[in-house]
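Below is one structure, written out as structure tokens; comments come after it.
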Amino acid sequence: MLGAVRACLYVEHARYADDIVVLVDAHSRHDWLLRAVKKRLREELAKLHVEINEAKSRKVDLCRSESFGFLGFDFRRVRSRRGVWRAQYTPMLKKRTALLHQLKEVFRRHCSQPVGGVVASIAPILRGWVNYFAVGHSSRCLRYVKDWVSP
């Protein structure tokens with residue numbers, strides 16, 4: 001039992017609806033954990049009659065500069081200014097592009113309309129987007145959107 005308790009210190013997970021990310025410590029002495037987590041996850045999902053989407057599932061090694069997307073964010077490992085490794089999560093480029101397309105549609109529909117009406121139309125879209133993505137390292141992306149929207 002003590003081994004299982006210690007193993008919990010090296011495994012983390014995040015879940016939202018039907019999406020899940022399982023993080024396993026990358027140290028070579030914990031290789032067995034990855035296999036155990038895969039097996040246990042498959043067993044538990046089988047009980048619920050849920051299948052893993054193999055096309056979307058993959059193993060990512062953040063130590064090898066790989067990244068993964070989860071809930072609209074791109075997660076990667078970067079070195080801080082002080083030289084310490086840390087997680088960085090930024091809005092996915094795909095999400096920013098979708099926002100800009102949505103804003104273009106609003107601008108197209110409100111062509112030759114008073115500016116107040118355009119602002120009233122885009123404000124809730126931008127507010128929702130900014131509130132959602134404000135939790136990550138989003139300043140560069142948010143600055144890009146601000147510069148794109150501002151005259």
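In the structure tokens, each chain is lettered A, B, ... as it comes, each chain's residues begin at 1, and ligands are numbered from 1 in order of appearance.
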
List every residue of segment 54-151 of chain A that has an atom at most 10 Å from any atom of segment 19-22 of chain A, giving for each one its closest atom pair and the distance in Å to one decimal, counting only C-alpha atoms, sorted by chain and then by ascending residue number, as a tab-separated table.
residue	atom	partner	partner_atom	distance
A:Ser57	CA	A:Val21	CA	9.5
A:Lys59	CA	A:Val22	CA	9.6
A:Phe68	CA	A:Val21	CA	9.5
A:Gly69	CA	A:Val21	CA	9.6
A:Phe70	CA	A:Val21	CA	7.7
A:Leu71	CA	A:Asp19	CA	8.2

Enumerate the residues of segment 40-149 of chain A with a DSSP assignment of helix (DSSP H, G or I), computed from the backbone, and present them as a PyMOL selection string.
chain A and resi 40-47+62-64+93-109+115-133+139-149

Using C-alpha atoms, can you write the selected residues to a file as a tab-separated table (two decimals), in the first residue's frame?
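What landed in out_7.tsv:
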chain	number	residue	atom	x	y	z
A	40	ARG	CA	-5.99	1.42	-14.99
A	41	LEU	CA	-7.49	4.13	-17.19
A	42	ARG	CA	-8.58	1.57	-19.77
A	43	GLU	CA	-10.08	-0.65	-17.04
A	44	GLU	CA	-12.06	2.20	-15.50
A	45	LEU	CA	-13.30	3.50	-18.85
A	46	ALA	CA	-14.32	-0.04	-19.88
A	47	LYS	CA	-16.55	-0.21	-16.79
A	62	LEU	CA	7.60	17.70	-22.40
A	63	CYS	CA	11.33	17.21	-21.76
A	64	ARG	CA	11.79	16.78	-25.52
A	93	LEU	CA	-3.32	29.61	-32.56
A	94	LYS	CA	-6.40	27.82	-33.92
A	95	LYS	CA	-8.56	29.48	-31.23
A	96	ARG	CA	-7.16	32.94	-31.96
A	97	THR	CA	-7.77	32.46	-35.68
A	98	ALA	CA	-11.37	31.38	-34.99
A	99	LEU	CA	-11.90	34.51	-32.87
A	100	LEU	CA	-10.58	36.77	-35.63
A	101	HIS	CA	-12.87	35.08	-38.19
A	102	GLN	CA	-15.82	35.60	-35.86
A	103	LEU	CA	-14.94	39.27	-35.45
A	104	LYS	CA	-14.55	39.69	-39.23
A	105	GLU	CA	-18.08	38.39	-39.67
A	106	VAL	CA	-19.40	40.93	-37.16
A	107	PHE	CA	-17.52	43.72	-38.94
A	108	ARG	CA	-18.90	42.55	-42.31
A	109	ARG	CA	-22.48	42.50	-41.02
A	115	VAL	CA	-19.48	52.54	-34.32
A	116	GLY	CA	-21.48	52.18	-31.10
A	117	GLY	CA	-23.44	49.28	-32.58
A	118	VAL	CA	-20.26	47.52	-33.72
A	119	VAL	CA	-18.67	47.95	-30.29
A	120	ALA	CA	-21.82	46.64	-28.61
A	121	SER	CA	-21.69	43.57	-30.87
A	122	ILE	CA	-18.03	42.68	-30.39
A	123	ALA	CA	-17.68	43.60	-26.69
A	124	PRO	CA	-19.34	40.44	-25.30
A	125	ILE	CA	-17.33	38.24	-27.67
A	126	LEU	CA	-14.03	39.82	-26.65
A	127	ARG	CA	-14.94	39.91	-22.97
A	128	GLY	CA	-15.77	36.21	-22.93
A	129	TRP	CA	-12.63	35.30	-24.84
A	130	VAL	CA	-10.38	37.42	-22.63
A	131	ASN	CA	-11.97	36.09	-19.43
A	132	TYR	CA	-11.46	32.49	-20.56
A	133	PHE	CA	-7.85	32.88	-21.74
A	139	SER	CA	-0.51	38.54	-22.93
A	140	ARG	CA	1.17	38.23	-26.34
A	141	CYS	CA	-1.93	36.69	-27.89
A	142	LEU	CA	-4.27	39.21	-26.24
A	143	ARG	CA	-2.05	42.08	-27.41
A	144	TYR	CA	-2.24	40.71	-30.97
A	145	VAL	CA	-6.06	40.62	-30.81
A	146	LYS	CA	-6.15	44.13	-29.30
A	147	ASP	CA	-3.91	45.47	-32.07
A	148	TRP	CA	-6.02	43.72	-34.70
A	149	VAL	CA	-9.30	45.17	-33.36

Within 12 Å of Arg29 of chain A using only C-alpha atoms, minus same-chain residues under 4 positions, as a compact mmCIF listing (two decimals) with N, CA, C and O atoms, in the first residue's frame:
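What landed in part.txt:
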# COMPACT_ATOMS: atom_id res chain seq x y z
N ALA A 7 3.31 6.49 -5.20
CA ALA A 7 3.09 6.63 -6.64
C ALA A 7 2.16 7.79 -6.93
O ALA A 7 2.30 8.46 -7.95
N TYR A 10 3.54 11.16 -8.00
CA TYR A 10 4.15 11.32 -9.31
C TYR A 10 3.14 11.29 -10.45
O TYR A 10 3.54 11.28 -11.60
N VAL A 24 2.49 12.17 -15.80
CA VAL A 24 3.30 11.20 -15.07
C VAL A 24 4.73 11.73 -15.02
O VAL A 24 5.26 12.19 -16.04
N ASP A 25 5.34 11.67 -13.86
CA ASP A 25 6.73 12.12 -13.70
C ASP A 25 7.61 11.40 -14.70
O ASP A 25 7.52 10.19 -14.88
N LEU A 33 5.00 3.51 -13.90
CA LEU A 33 3.78 4.27 -13.63
C LEU A 33 2.98 4.53 -14.90
O LEU A 33 1.76 4.44 -14.90
N LEU A 34 3.68 4.85 -15.97
CA LEU A 34 2.99 5.13 -17.24
C LEU A 34 2.19 3.93 -17.69
O LEU A 34 1.03 4.04 -18.06

Which residue, A:Val11, A:Val78, A:Val135, A:Met92, has the smallest gap to Trp32 of chain A when you use only C-alpha atoms?
A:Val11

If you run DSSP on the backbone, which residues of segment 82-133 of chain A are strand (DSSP E), as a ChimeraX atom specification?
/A:85-91

Would you pick out the contacts of Arg79 of chain A at 12 Å or less, using only C-alpha atoms, so that residues sharing its chain but fewer than 6 positions from it are not included, and give the list as a list in words?
Leu62, Cys63, Ser65, Trp85, Arg86, Ala87 and Gln88 of chain A

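Comparing A:Val50, A:His110, A:Val84, A:Lys38 by their smallest distance to Leu23 of chain A, the closest is A:Lys38 (using only C-alpha atoms).
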
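Counting only C-alpha atoms, the residue from A:Ser150, A:Ala14, A:Pro91, A:Val60 that sits nearest to Arg77 of chain A is A:Val60.
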
How many Å lie between atom CA of Ala36 of chain A and atom CA of Asn53 of chain A, rounded to one decimal?
18.8 Å

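Summary of the local environment: counting only C-alpha atoms, residues at most 7 Å from Tyr89 of chain A, other than itself and those fewer than 3 positions away along its chain, are Phe73, Asp74, Phe75, Arg76, Gly136 and His137 of chain A.
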